[in-house]
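Coordinates as given in protein25.cif (mmCIF, C-alpha atoms):
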```
data_run
loop_
_atom_site.group_PDB
_atom_site.id
_atom_site.type_symbol
_atom_site.label_atom_id
_atom_site.label_comp_id
_atom_site.auth_asym_id
_atom_site.auth_seq_id
_atom_site.Cartn_x
_atom_site.Cartn_y
_atom_site.Cartn_z
ATOM 1 C CA MET A 1 -25.432 -53.950 -22.361
ATOM 2 C CA ALA A 2 -27.181 -55.132 -25.451
ATOM 3 C CA CYS A 3 -29.813 -52.877 -26.927
ATOM 4 C CA MET A 4 -28.789 -50.018 -24.605
ATOM 5 C CA ASN A 5 -28.631 -46.644 -26.234
ATOM 6 C CA GLU A 6 -25.156 -45.239 -25.714
ATOM 7 C CA ASP A 7 -25.764 -41.901 -27.372
ATOM 8 C CA GLY A 8 -24.987 -38.681 -25.473
ATOM 9 C CA GLN A 9 -22.408 -40.207 -23.144
ATOM 10 C CA TRP A 10 -20.119 -37.206 -23.641
ATOM 11 C CA ILE A 11 -22.897 -34.862 -22.604
ATOM 12 C CA VAL A 12 -23.305 -36.849 -19.391
ATOM 13 C CA LEU A 13 -19.566 -36.721 -18.770
ATOM 14 C CA MET A 14 -19.375 -32.989 -19.368
ATOM 15 C CA GLY A 15 -22.266 -32.577 -16.927
ATOM 16 C CA LEU A 16 -20.177 -34.412 -14.362
ATOM 17 C CA LEU A 17 -17.219 -32.172 -15.109
ATOM 18 C CA VAL A 18 -19.319 -29.048 -14.473
ATOM 19 C CA ALA A 19 -20.596 -30.590 -11.238
ATOM 20 C CA VAL A 20 -17.025 -31.233 -10.042
ATOM 21 C CA GLY A 21 -16.094 -27.653 -10.957
ATOM 22 C CA LEU A 22 -19.007 -26.282 -8.935
ATOM 23 C CA PHE A 23 -17.979 -28.493 -6.035
ATOM 24 C CA PHE A 24 -14.511 -26.960 -5.954
ATOM 25 C CA LEU A 25 -15.957 -23.456 -6.050
ATOM 26 C CA ALA A 26 -18.109 -24.416 -3.052
ATOM 27 C CA LEU A 27 -14.953 -25.670 -1.308
ATOM 28 C CA ILE A 28 -13.293 -22.293 -1.812
ATOM 29 C CA ILE A 29 -16.283 -20.472 -0.350
ATOM 30 C CA ASN A 30 -16.174 -22.898 2.580
ATOM 31 C CA GLN A 31 -12.514 -22.076 3.218
ATOM 32 C CA SER A 32 -13.176 -18.340 3.215
ATOM 33 C CA ALA A 33 -14.627 -18.525 6.736
ATOM 34 C CA LEU A 34 -11.390 -20.133 7.889
ATOM 35 C CA VAL A 35 -9.305 -17.443 6.200
ATOM 36 C CA GLY A 36 -11.428 -14.765 7.867
ATOM 37 C CA GLN A 37 -10.834 -16.405 11.229
ATOM 38 C CA THR A 38 -7.052 -16.468 10.845
ATOM 39 C CA THR A 39 -7.041 -12.866 9.711
ATOM 40 C CA ALA A 40 -9.319 -11.677 12.508
ATOM 41 C CA GLU A 41 -7.317 -13.521 15.169
ATOM 42 C CA GLY A 42 -4.103 -12.130 13.755
ATOM 43 C CA VAL A 43 -5.473 -8.612 13.958
ATOM 44 C CA LEU A 44 -6.878 -9.136 17.474
ATOM 45 C CA GLU A 45 -3.622 -10.595 18.743
ATOM 46 C CA PHE A 46 -1.383 -7.847 17.423
ATOM 47 C CA PRO A 47 -1.479 -4.906 19.879
ATOM 48 C CA LYS A 48 -1.330 -2.200 17.218
ATOM 49 C CA ASN A 49 -3.576 0.216 19.087
ATOM 50 C CA ASP A 50 -1.893 -0.496 22.431
ATOM 51 C CA ILE A 51 1.508 0.424 21.027
ATOM 52 C CA ARG A 52 0.218 3.542 19.276
ATOM 53 C CA ASP A 53 -1.520 4.643 22.445
ATOM 54 C CA LEU A 54 1.581 3.977 24.548
ATOM 55 C CA ARG A 55 3.670 6.125 22.191
ATOM 56 C CA GLU A 56 1.172 8.954 22.501
ATOM 57 C CA ALA A 57 1.186 8.602 26.300
ATOM 58 C CA VAL A 58 4.993 8.824 26.292
ATOM 59 C CA PHE A 59 4.911 11.884 24.023
ATOM 60 C CA ASP A 60 2.373 13.516 26.358
ATOM 61 C CA TYR A 61 4.747 12.702 29.214
ATOM 62 C CA VAL A 62 7.630 14.420 27.400
ATOM 63 C CA ASP A 63 5.420 17.439 26.614
ATOM 64 C CA GLU A 64 4.648 17.723 30.301
ATOM 65 C CA PHE A 65 7.932 16.889 31.988
ATOM 66 C CA ASP A 66 10.651 17.172 29.316
ATOM 67 C CA HIS A 67 13.521 14.875 30.314
ATOM 68 C CA GLU A 68 13.742 15.913 33.947
ATOM 69 C CA GLU A 69 13.574 13.253 36.617
ATOM 70 C CA ASP A 70 11.671 14.493 39.659
ATOM 71 C CA THR A 71 9.121 12.888 41.952
ATOM 72 C CA GLU A 72 6.181 13.999 39.761
ATOM 73 C CA SER A 73 7.559 12.707 36.480
ATOM 74 C CA LYS A 74 8.709 9.518 38.176
ATOM 75 C CA ALA A 75 5.185 8.992 39.548
ATOM 76 C CA VAL A 76 3.603 9.382 36.096
ATOM 77 C CA ARG A 77 6.192 7.023 34.616
ATOM 78 C CA ASP A 78 5.442 4.497 37.355
ATOM 79 C CA ASP A 79 1.698 4.920 36.630
ATOM 80 C CA ILE A 80 2.197 3.967 32.996
ATOM 81 C CA ILE A 81 4.441 1.004 33.842
ATOM 82 C CA ALA A 82 2.262 -0.347 36.675
ATOM 83 C CA ILE A 83 -1.087 0.056 34.887
ATOM 84 C CA SER A 84 0.304 -1.488 31.690
ATOM 85 C CA LEU A 85 1.410 -4.543 33.610
ATOM 86 C CA GLU A 86 -1.774 -4.859 35.654
ATOM 87 C CA ARG A 87 -4.430 -4.063 33.054
ATOM 88 C CA LYS A 88 -2.824 -4.879 29.715
ATOM 89 C CA ASN A 89 -0.403 -7.696 30.639
ATOM 90 C CA ALA A 90 2.373 -5.759 28.982
ATOM 91 C CA VAL A 91 5.857 -5.091 30.293
ATOM 92 C CA VAL A 92 6.581 -1.509 29.386
ATOM 93 C CA ASN A 93 9.561 0.733 29.926
ATOM 94 C CA PHE A 94 10.675 4.015 28.480
ATOM 95 C CA SER A 95 13.365 6.601 29.059
ATOM 96 C CA VAL A 96 13.889 10.126 27.825
ATOM 97 C CA GLY A 97 17.381 11.455 27.179
ATOM 98 C CA ASP A 98 18.946 14.920 26.944
ATOM 99 C CA PRO A 99 17.967 16.868 23.811
ATOM 100 C CA GLU A 100 20.242 16.330 20.829
ATOM 101 C CA ASP A 101 20.710 18.395 17.709
ATOM 102 C CA ILE A 102 18.853 16.516 14.966
ATOM 103 C CA SER A 103 18.880 18.349 11.624
ATOM 104 C CA GLY A 104 18.886 21.710 13.360
ATOM 105 C CA ARG A 105 16.217 20.882 15.916
ATOM 106 C CA ASP A 106 16.672 19.927 19.555
ATOM 107 C CA LEU A 107 14.888 16.622 20.012
ATOM 108 C CA HIS A 108 14.763 14.192 22.916
ATOM 109 C CA PRO A 109 15.816 10.640 22.162
ATOM 110 C CA ILE A 110 13.097 8.408 23.646
ATOM 111 C CA THR A 111 13.523 4.674 23.929
ATOM 112 C CA ILE A 112 10.297 2.706 24.284
ATOM 113 C CA HIS A 113 10.134 -0.989 25.099
ATOM 114 C CA TYR A 114 6.929 -2.999 24.969
ATOM 115 C CA ASN A 115 6.463 -6.735 25.430
ATOM 116 C CA ASN A 116 3.145 -8.488 26.033
ATOM 117 C CA GLY A 117 4.512 -12.000 25.706
ATOM 118 C CA VAL A 118 3.445 -12.331 22.078
ATOM 119 C CA THR A 119 4.587 -9.107 20.523
ATOM 120 C CA GLU A 120 7.824 -7.335 21.349
ATOM 121 C CA TYR A 121 8.339 -3.751 20.272
ATOM 122 C CA ASP A 122 11.422 -1.596 20.780
ATOM 123 C CA GLU A 123 11.860 1.865 19.412
ATOM 124 C CA THR A 124 14.135 4.853 19.693
ATOM 125 C CA VAL A 125 12.319 7.931 18.528
ATOM 126 C CA TYR A 126 13.400 11.574 18.541
ATOM 127 C CA TYR A 127 10.695 13.859 19.832
ATOM 128 C CA MET B 1 -3.415 -55.521 -30.855
ATOM 129 C CA VAL B 2 -4.834 -53.185 -28.277
ATOM 130 C CA ASN B 3 -8.545 -52.773 -28.465
ATOM 131 C CA ASP B 4 -9.650 -49.205 -27.641
ATOM 132 C CA GLY B 5 -13.351 -49.946 -27.412
ATOM 133 C CA GLY B 6 -15.144 -49.154 -24.125
ATOM 134 C CA GLN B 7 -13.153 -46.011 -23.379
ATOM 135 C CA LEU B 8 -16.243 -44.296 -22.113
ATOM 136 C CA TYR B 9 -16.802 -47.086 -19.585
ATOM 137 C CA THR B 10 -13.306 -46.384 -18.265
ATOM 138 C CA MET B 11 -14.160 -42.710 -17.952
ATOM 139 C CA GLU B 12 -17.342 -43.663 -16.147
ATOM 140 C CA GLY B 13 -15.264 -45.666 -13.697
ATOM 141 C CA VAL B 14 -12.997 -42.685 -13.095
ATOM 142 C CA ALA B 15 -16.017 -40.437 -12.548
ATOM 143 C CA ALA B 16 -17.520 -42.892 -10.080
ATOM 144 C CA GLY B 17 -14.206 -42.992 -8.202
ATOM 145 C CA LEU B 18 -14.120 -39.206 -8.010
ATOM 146 C CA ILE B 19 -17.657 -39.049 -6.678
ATOM 147 C CA MET B 20 -16.840 -41.599 -3.983
ATOM 148 C CA LEU B 21 -13.710 -39.690 -2.954
ATOM 149 C CA LEU B 22 -15.601 -36.383 -2.722
ATOM 150 C CA THR B 23 -18.358 -38.026 -0.705
ATOM 151 C CA ALA B 24 -15.793 -39.366 1.747
ATOM 152 C CA TYR B 25 -14.235 -35.888 1.994
ATOM 153 C CA ILE B 26 -17.576 -34.213 2.693
ATOM 154 C CA VAL B 27 -18.508 -36.804 5.314
ATOM 155 C CA ILE B 28 -15.197 -36.421 7.144
ATOM 156 C CA SER B 29 -15.184 -32.611 6.977
ATOM 157 C CA THR B 30 -18.673 -32.286 8.486
ATOM 158 C CA THR B 31 -17.193 -32.852 11.955
ATOM 159 C CA SER B 32 -16.068 -29.201 11.943
ATOM 160 C CA VAL B 33 -18.435 -26.627 10.565
ATOM 161 C CA TYR B 34 -17.271 -23.018 10.818
ATOM 162 C CA THR B 35 -19.888 -20.374 11.190
ATOM 163 C CA PRO B 36 -19.091 -16.663 10.990
ATOM 164 C CA GLY B 37 -19.646 -16.427 14.757
ATOM 165 C CA ASP B 38 -16.678 -18.696 15.413
ATOM 166 C CA THR B 39 -14.324 -16.571 13.444
ATOM 167 C CA HIS B 40 -13.978 -13.483 15.698
ATOM 168 C CA ILE B 41 -14.490 -11.220 12.706
ATOM 169 C CA PRO B 42 -17.199 -9.137 14.474
ATOM 170 C CA ASP B 43 -14.940 -8.919 17.564
ATOM 171 C CA MET B 44 -12.102 -7.601 15.455
ATOM 172 C CA GLN B 45 -14.340 -5.020 13.809
ATOM 173 C CA LEU B 46 -15.850 -3.961 17.142
ATOM 174 C CA GLU B 47 -12.408 -3.516 18.691
ATOM 175 C CA GLN B 48 -11.238 -1.409 15.785
ATOM 176 C CA LEU B 49 -14.403 0.686 15.974
ATOM 177 C CA GLY B 50 -13.954 1.280 19.715
ATOM 178 C CA ASN B 51 -10.300 2.191 19.346
ATOM 179 C CA ASP B 52 -11.091 4.619 16.533
ATOM 180 C CA VAL B 53 -13.785 6.293 18.602
ATOM 181 C CA LEU B 54 -11.510 6.656 21.653
ATOM 182 C CA ALA B 55 -8.769 8.110 19.433
ATOM 183 C CA MET B 56 -11.320 10.526 17.978
ATOM 184 C CA MET B 57 -12.481 11.635 21.421
ATOM 185 C CA ASP B 58 -8.867 12.022 22.584
ATOM 186 C CA THR B 59 -8.018 14.397 19.733
ATOM 187 C CA PRO B 60 -8.299 18.058 20.762
ATOM 188 C CA ASP B 61 -10.084 20.493 18.449
ATOM 189 C CA ARG B 62 -7.014 22.733 18.334
ATOM 190 C CA ASP B 63 -3.350 22.216 19.115
ATOM 191 C CA GLY B 64 -2.630 22.665 22.811
ATOM 192 C CA GLU B 65 -6.247 22.404 23.869
ATOM 193 C CA GLU B 66 -7.662 19.736 26.109
ATOM 194 C CA SER B 67 -9.357 16.797 24.387
ATOM 195 C CA GLN B 68 -12.976 15.875 25.043
ATOM 196 C CA LEU B 69 -11.895 12.597 26.673
ATOM 197 C CA VAL B 70 -9.622 14.349 29.197
ATOM 198 C CA GLY B 71 -12.486 16.725 30.033
ATOM 199 C CA PHE B 72 -14.851 13.849 30.741
ATOM 200 C CA VAL B 73 -12.332 12.058 32.963
ATOM 201 C CA LYS B 74 -11.542 15.244 34.901
ATOM 202 C CA ASN B 75 -15.126 15.732 36.126
ATOM 203 C CA VAL B 76 -15.964 12.092 36.650
ATOM 204 C CA THR B 77 -19.102 12.482 38.701
ATOM 205 C CA GLY B 78 -20.023 16.021 37.752
ATOM 206 C CA PRO B 79 -21.708 17.325 34.611
ATOM 207 C CA CYS B 80 -19.777 16.359 31.472
ATOM 208 C CA GLY B 81 -18.402 13.408 33.441
ATOM 209 C CA GLY B 82 -18.379 9.636 33.182
ATOM 210 C CA ASN B 83 -21.982 9.179 32.048
ATOM 211 C CA ASP B 84 -21.549 11.750 29.316
ATOM 212 C CA LEU B 85 -18.375 10.004 28.270
ATOM 213 C CA TRP B 86 -20.367 6.799 27.920
ATOM 214 C CA ASP B 87 -23.131 8.574 26.024
ATOM 215 C CA GLU B 88 -20.748 10.360 23.677
ATOM 216 C CA PHE B 89 -18.763 7.160 23.103
ATOM 217 C CA LEU B 90 -21.829 5.198 22.005
ATOM 218 C CA ASP B 91 -23.049 8.085 19.837
ATOM 219 C CA ASN B 92 -19.676 8.274 18.120
ATOM 220 C CA CYS B 93 -19.615 4.490 17.616
ATOM 221 C CA LYS B 94 -22.981 4.634 15.889
ATOM 222 C CA MET B 95 -21.878 7.630 13.869
ATOM 223 C CA ARG B 96 -18.655 5.915 12.749
ATOM 224 C CA ALA B 97 -20.418 2.633 12.005
ATOM 225 C CA GLY B 98 -22.985 4.555 10.014
ATOM 226 C CA ASP B 99 -26.124 2.998 11.425
ATOM 227 C CA GLU B 100 -28.382 3.128 14.440
ATOM 228 C CA ASP B 101 -27.103 0.050 16.272
ATOM 229 C CA ASP B 102 -29.414 -0.268 19.269
ATOM 230 C CA ASN B 103 -27.767 -3.519 20.328
ATOM 231 C CA LEU B 104 -24.479 -1.826 21.048
ATOM 232 C CA HIS B 105 -23.672 -1.530 24.754
ATOM 233 C CA ALA B 106 -20.688 -0.078 26.553
ATOM 234 C CA GLN B 107 -19.327 0.235 30.052
ATOM 235 C CA ALA B 108 -16.485 2.595 30.949
ATOM 236 C CA TYR B 109 -13.909 2.022 33.676
ATOM 237 C CA LEU B 110 -10.945 3.969 34.976
ATOM 238 C CA SER B 111 -7.718 2.348 36.158
ATOM 239 C CA TYR B 112 -5.376 4.281 38.390
ATOM 240 C CA ARG B 113 -2.381 3.635 40.623
ATOM 241 C CA ARG B 114 -2.775 4.126 44.345
ATOM 242 C CA SER B 115 -0.109 5.582 46.594
ATOM 243 C CA ASP B 116 0.857 2.082 47.790
ATOM 244 C CA GLY B 117 1.657 1.101 44.195
ATOM 245 C CA SER B 118 -1.340 -1.175 43.588
ATOM 246 C CA VAL B 119 -3.671 -0.606 40.658
ATOM 247 C CA ASP B 120 -7.406 -0.173 41.141
ATOM 248 C CA THR B 121 -10.228 -0.043 38.606
ATOM 249 C CA THR B 122 -13.440 1.854 39.223
ATOM 250 C CA PRO B 123 -16.571 2.286 37.057
ATOM 251 C CA LEU B 124 -16.612 5.592 35.231
ATOM 252 C CA SER B 125 -20.199 5.416 33.978
ATOM 253 C CA SER B 126 -23.311 4.043 35.667
ATOM 254 C CA GLU B 127 -23.587 0.276 35.409
ATOM 255 C CA ASP B 128 -25.494 -0.945 32.377
ATOM 256 C CA PRO B 129 -28.627 -2.600 33.853
ATOM 257 C CA GLU B 130 -28.397 -5.441 31.340
ATOM 258 C CA PHE B 131 -24.735 -6.191 31.986
ATOM 259 C CA THR B 132 -24.333 -9.690 33.394
ATOM 260 C CA GLY B 133 -20.568 -10.079 33.066
ATOM 261 C CA ARG B 134 -21.005 -12.990 30.681
ATOM 262 C CA GLU B 135 -21.230 -11.015 27.464
ATOM 263 C CA ASN B 136 -18.733 -11.577 24.726
ATOM 264 C CA THR B 137 -17.086 -8.198 25.165
ATOM 265 C CA VAL B 138 -14.071 -6.539 23.643
ATOM 266 C CA ARG B 139 -12.007 -4.069 25.645
ATOM 267 C CA VAL B 140 -10.567 -0.878 24.254
ATOM 268 C CA THR B 141 -8.289 1.402 26.253
ATOM 269 C CA ARG B 142 -6.795 4.855 26.087
ATOM 270 C CA TRP B 143 -4.160 6.605 28.213
ATOM 271 C CA VAL B 144 -5.115 9.936 29.719
ATOM 272 C CA GLN B 145 -2.767 12.245 31.631
ATOM 273 C CA LEU B 146 -4.370 14.358 34.301
ATOM 274 C CA PRO B 147 -3.017 17.510 35.962
ATOM 275 C CA VAL B 148 -2.907 18.136 39.713
ATOM 276 C CA GLY B 149 -6.341 18.318 41.365
ATOM 277 C CA SER B 150 -8.233 15.957 39.086
ATOM 278 C CA PRO B 151 -10.225 13.825 38.784
ATOM 279 C CA SER B 152 -12.704 15.483 41.110
ATOM 280 C CA ASP B 153 -14.953 13.509 43.458
ATOM 281 C CA MET B 154 -13.177 10.227 42.966
ATOM 282 C CA PRO B 155 -12.674 7.417 45.477
ATOM 283 C CA PRO B 156 -10.435 8.791 48.233
ATOM 284 C CA ASP B 157 -7.509 6.591 47.271
ATOM 285 C CA VAL B 158 -6.962 8.430 43.964
ATOM 286 C CA GLU B 159 -3.993 10.721 44.431
ATOM 287 C CA THR B 160 -4.988 14.144 43.191
ATOM 288 C CA THR B 161 -1.991 15.943 44.670
ATOM 289 C CA ARG B 162 0.233 14.970 41.742
ATOM 290 C CA PRO B 163 -0.150 14.766 37.973
ATOM 291 C CA GLN B 164 -0.970 11.218 36.980
ATOM 292 C CA ALA B 165 -1.485 8.882 34.076
ATOM 293 C CA VAL B 166 -4.722 6.883 34.151
ATOM 294 C CA LEU B 167 -6.180 4.335 31.772
ATOM 295 C CA VAL B 168 -9.711 4.690 30.424
ATOM 296 C CA GLU B 169 -11.080 1.239 29.618
ATOM 297 C CA VAL B 170 -14.309 0.661 27.732
ATOM 298 C CA LEU B 171 -16.014 -2.703 27.476
ATOM 299 C CA LEU B 172 -17.982 -2.901 24.255
ATOM 300 C CA TRP B 173 -20.476 -5.576 23.296
ATOM 301 C CA ARG B 174 -23.581 -6.336 21.320
ATOM 302 C CA ALA B 175 -26.548 -7.872 23.077
#
```
Rewrite the coordinates I just gave you, this time as structure tokens.
Amino acid sequence: MACMNEDGQWIVLMGLLVAVGLFFLALIINQSALVGQTTAEGVLEFPKNDIRDLREAVFDYVDEFDHEEDTESKAVRDDIIAISLERKNAVVNFSVGDPEDISGRDLHPITIHYNNGVTEYDETVYY
Amino acid sequence: MVNDGGQLYTMEGVAAGLIMLLTAYIVISTTSVYTPGDTHIPDMQLEQLGNDVLAMMDTPDRDGEESQLVGFVKNVTGPCGGNDLWDEFLDNCKMRAGDEDDNLHAQAYLSYRRSDGSVDTTPLSSEDPEFTGRENTVRVTRWVQLPVGSPSDMPPDVETTRPQAVLVEVLLWRA
């Protein structure tokens, strides 16, 4: 090491430090794709729209048939249950009870059950 | 007496060690490279777009009126039927997405329950000529409740003598 000029060593070291810093920033950017994947798969897997749509279908059913059980309402209920199972791989059931007095309004208690093997959803809603 | 000369050489050694470690990390991590296509982000966005558009079409203009979607399903083969549903769906997708996406394709189907209890699915719109069945599609669905007597001109095994709940399914993909 004789006769070597050792000036500016700190500058070299600081340069290395900046390089390491940049490397870690690059690592973070690299991970962002992975984070996006987990998020997207989480959103795709959760049947948010299926459940919302099922609730609306049940409310339409109540609008049409109230809580009466006759062959027509039973057929529509069976439609929803059978098509859910066949086309959406979801076990669905719902029942509509007699109207109850809720804060001065007569509302039907509706119980909705939904299970697609990953997500289970149970609700009692007054409509 | 401890001699503190040569500290910078020690630092240099540490730096060299770091560089070697990082190199090893990069080499090992190159076996899995994620590209945006692997991440299902476009699928997620496409599914949300399709669901929003179906919800939009299923919302009546006024309370108690029939929604556009129900109207389309009622006259499947007639005017304002399945092909118009398809057309309107794609138009609304492009409108919601905010750009003229010519690569966007869709195919609408209708699922219904037959009198024997089995479920059948029939195309609602004309087949897309470019559809091969191998596209990376997403499926969006919407329940529709139909009164007695509809849909008109459907396969004979659709029961039109009773009100029924049917499922509109739309396959959506970019090609």
What residues come out when you apply the PyMOL selection byres ((chain A and resi 41) around 8) to this file, written as a short mmCIF file (atom, residue, chain, number, x, y, z; two decimals) with C-alpha atoms, keeping the file's coordinate frame?
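Saved result, result10.cif, follows:
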```
data_model
loop_
_atom_site.label_atom_id
_atom_site.label_comp_id
_atom_site.auth_asym_id
_atom_site.auth_seq_id
_atom_site.Cartn_x
_atom_site.Cartn_y
_atom_site.Cartn_z
CA GLN A 37 -10.83 -16.40 11.23
CA THR A 38 -7.05 -16.47 10.84
CA THR A 39 -7.04 -12.87 9.71
CA ALA A 40 -9.32 -11.68 12.51
CA GLY A 42 -4.10 -12.13 13.76
CA VAL A 43 -5.47 -8.61 13.96
CA LEU A 44 -6.88 -9.14 17.47
CA GLU A 45 -3.62 -10.60 18.74
CA THR B 39 -14.32 -16.57 13.44
CA HIS B 40 -13.98 -13.48 15.70
CA ILE B 41 -14.49 -11.22 12.71
CA MET B 44 -12.10 -7.60 15.46
#
```
- Query: So which residues touch Asn93 in chain A within 8 Å, counting all atoms listed in the file, skipping near sequence neighbours fewer than 2 positions away, as a ChimeraX atom specification?
  - Reply: /A:81,91,95,112-114
Please tabulate, as a Markdown table, the residues of chain B that come within 9 Å of chain A, each with its closest pair of atoms and the distance in Å to one decimal, counting all atoms listed in the file and ordering rows by chain, then residue number upward.
```
| residue | atom | partner | partner_atom | distance |
| --- | --- | --- | --- | --- |
| B:Leu8 | CA | A:Gln9 | CA | 7.5 |
| B:Met11 | CA | A:Leu13 | CA | 8.1 |
| B:Glu12 | CA | A:Leu13 | CA | 7.7 |
| B:Ala15 | CA | A:Leu16 | CA | 7.5 |
| B:Leu18 | CA | A:Val20 | CA | 8.7 |
| B:Ile19 | CA | A:Val20 | CA | 8.5 |
| B:Leu22 | CA | A:Phe23 | CA | 8.9 |
| B:Tyr34 | CA | A:Ala33 | CA | 6.6 |
| B:Thr35 | CA | A:Ala33 | CA | 7.1 |
| B:Pro36 | CA | A:Ala33 | CA | 6.4 |
| B:Asp38 | CA | A:Gln37 | CA | 7.5 |
| B:Thr39 | CA | A:Gln37 | CA | 4.1 |
| B:His40 | CA | A:Ala40 | CA | 5.9 |
| B:Ile41 | CA | A:Ala40 | CA | 5.2 |
| B:Pro42 | CA | A:Ala40 | CA | 8.5 |
| B:Asp43 | CA | A:Ala40 | CA | 8.0 |
| B:Met44 | CA | A:Ala40 | CA | 5.7 |
| B:Gln45 | CA | A:Ala40 | CA | 8.4 |
| B:Glu47 | CA | A:Leu44 | CA | 8.0 |
| B:Gln48 | CA | A:Asn49 | CA | 8.5 |
| B:Asn51 | CA | A:Asn49 | CA | 7.0 |
| B:Ala55 | CA | A:Asp53 | CA | 8.6 |
| B:Ser111 | CA | A:Ile83 | CA | 7.1 |
| B:Tyr112 | CA | A:Ile83 | CA | 7.0 |
| B:Arg113 | CA | A:Asp79 | CA | 5.9 |
| B:Arg114 | CA | A:Asp79 | CA | 9.0 |
| B:Gly117 | CA | A:Ala82 | CA | 7.7 |
| B:Ser118 | CA | A:Ala82 | CA | 7.8 |
| B:Val119 | CA | A:Ile83 | CA | 6.4 |
| B:Asp120 | CA | A:Ile83 | CA | 8.9 |
| B:Thr121 | CA | A:Arg87 | CA | 9.0 |
| B:Val140 | CA | A:Asn49 | CA | 8.8 |
| B:Thr141 | CA | A:Asp50 | CA | 7.7 |
| B:Arg142 | CA | A:Asp53 | CA | 6.4 |
| B:Trp143 | CA | A:Ala57 | CA | 6.0 |
| B:Val144 | CA | A:Ala57 | CA | 7.3 |
| B:Gln145 | CA | A:Asp60 | CA | 7.5 |
| B:Arg162 | CA | A:Glu72 | CA | 6.3 |
| B:Pro163 | CA | A:Glu72 | CA | 6.6 |
| B:Gln164 | CA | A:Val76 | CA | 5.0 |
| B:Ala165 | CA | A:Val76 | CA | 5.5 |
| B:Val166 | CA | A:Asp79 | CA | 7.2 |
| B:Leu167 | CA | A:Ile83 | CA | 7.3 |
```
Return as JSON the centre and edge lengths, in Å with one decimal, of the box along x, y and z that encloses every atom of range 100-106 of chain B in the file, padded by 6 Å per side.
```
{"center_x": -25.1, "center_y": -0.2, "center_z": 20.5, "size_x": 20.7, "size_y": 18.6, "size_z": 24.1}
```
- Which residues come within 9 Å of range 94-98 of chain B, counting only C-alpha atoms, excluding same-chain residues fewer than 3 positions away, as JSON, numbers by chain? {"B": [49, 52, 53, 89, 90, 91, 101, 102, 104]}
For the residues selected in the previous step, produce a file with C-alpha atoms as an mmCIF file, keeping the file's coordinate frame.
```cif
data_model
loop_
_atom_site.group_PDB
_atom_site.id
_atom_site.type_symbol
_atom_site.label_atom_id
_atom_site.label_comp_id
_atom_site.auth_asym_id
_atom_site.auth_seq_id
_atom_site.Cartn_x
_atom_site.Cartn_y
_atom_site.Cartn_z
ATOM 1 C CA LEU B 49 -14.403 0.686 15.974
ATOM 2 C CA ASP B 52 -11.091 4.619 16.533
ATOM 3 C CA VAL B 53 -13.785 6.293 18.602
ATOM 4 C CA PHE B 89 -18.763 7.160 23.103
ATOM 5 C CA LEU B 90 -21.829 5.198 22.005
ATOM 6 C CA ASP B 91 -23.049 8.085 19.837
ATOM 7 C CA ASP B 101 -27.103 0.050 16.272
ATOM 8 C CA ASP B 102 -29.414 -0.268 19.269
ATOM 9 C CA LEU B 104 -24.479 -1.826 21.048
#
```
Report as a PDB file with C-alpha atoms, in the frame of the given file the residues that result from applying the PyMOL selection byres ((chain B and resi 126-130) around 9) to the structure here.
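Result went into result36.pdb, see below:
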```pdb
ATOM      1  CA  GLY B  82     -18.379   9.636  33.182  1.00  0.00           C
ATOM      2  CA  ASN B  83     -21.982   9.179  32.048  1.00  0.00           C
ATOM      3  CA  TRP B  86     -20.367   6.799  27.920  1.00  0.00           C
ATOM      4  CA  HIS B 105     -23.672  -1.530  24.754  1.00  0.00           C
ATOM      5  CA  ALA B 106     -20.688  -0.078  26.553  1.00  0.00           C
ATOM      6  CA  GLN B 107     -19.327   0.235  30.052  1.00  0.00           C
ATOM      7  CA  ALA B 108     -16.485   2.595  30.949  1.00  0.00           C
ATOM      8  CA  PRO B 123     -16.571   2.286  37.057  1.00  0.00           C
ATOM      9  CA  LEU B 124     -16.612   5.592  35.231  1.00  0.00           C
ATOM     10  CA  SER B 125     -20.199   5.416  33.978  1.00  0.00           C
ATOM     11  CA  PHE B 131     -24.735  -6.191  31.986  1.00  0.00           C
ATOM     12  CA  THR B 132     -24.333  -9.690  33.394  1.00  0.00           C
ATOM     13  CA  ALA B 175     -26.548  -7.872  23.077  1.00  0.00           C
TER      14      ALA B 175
END
```
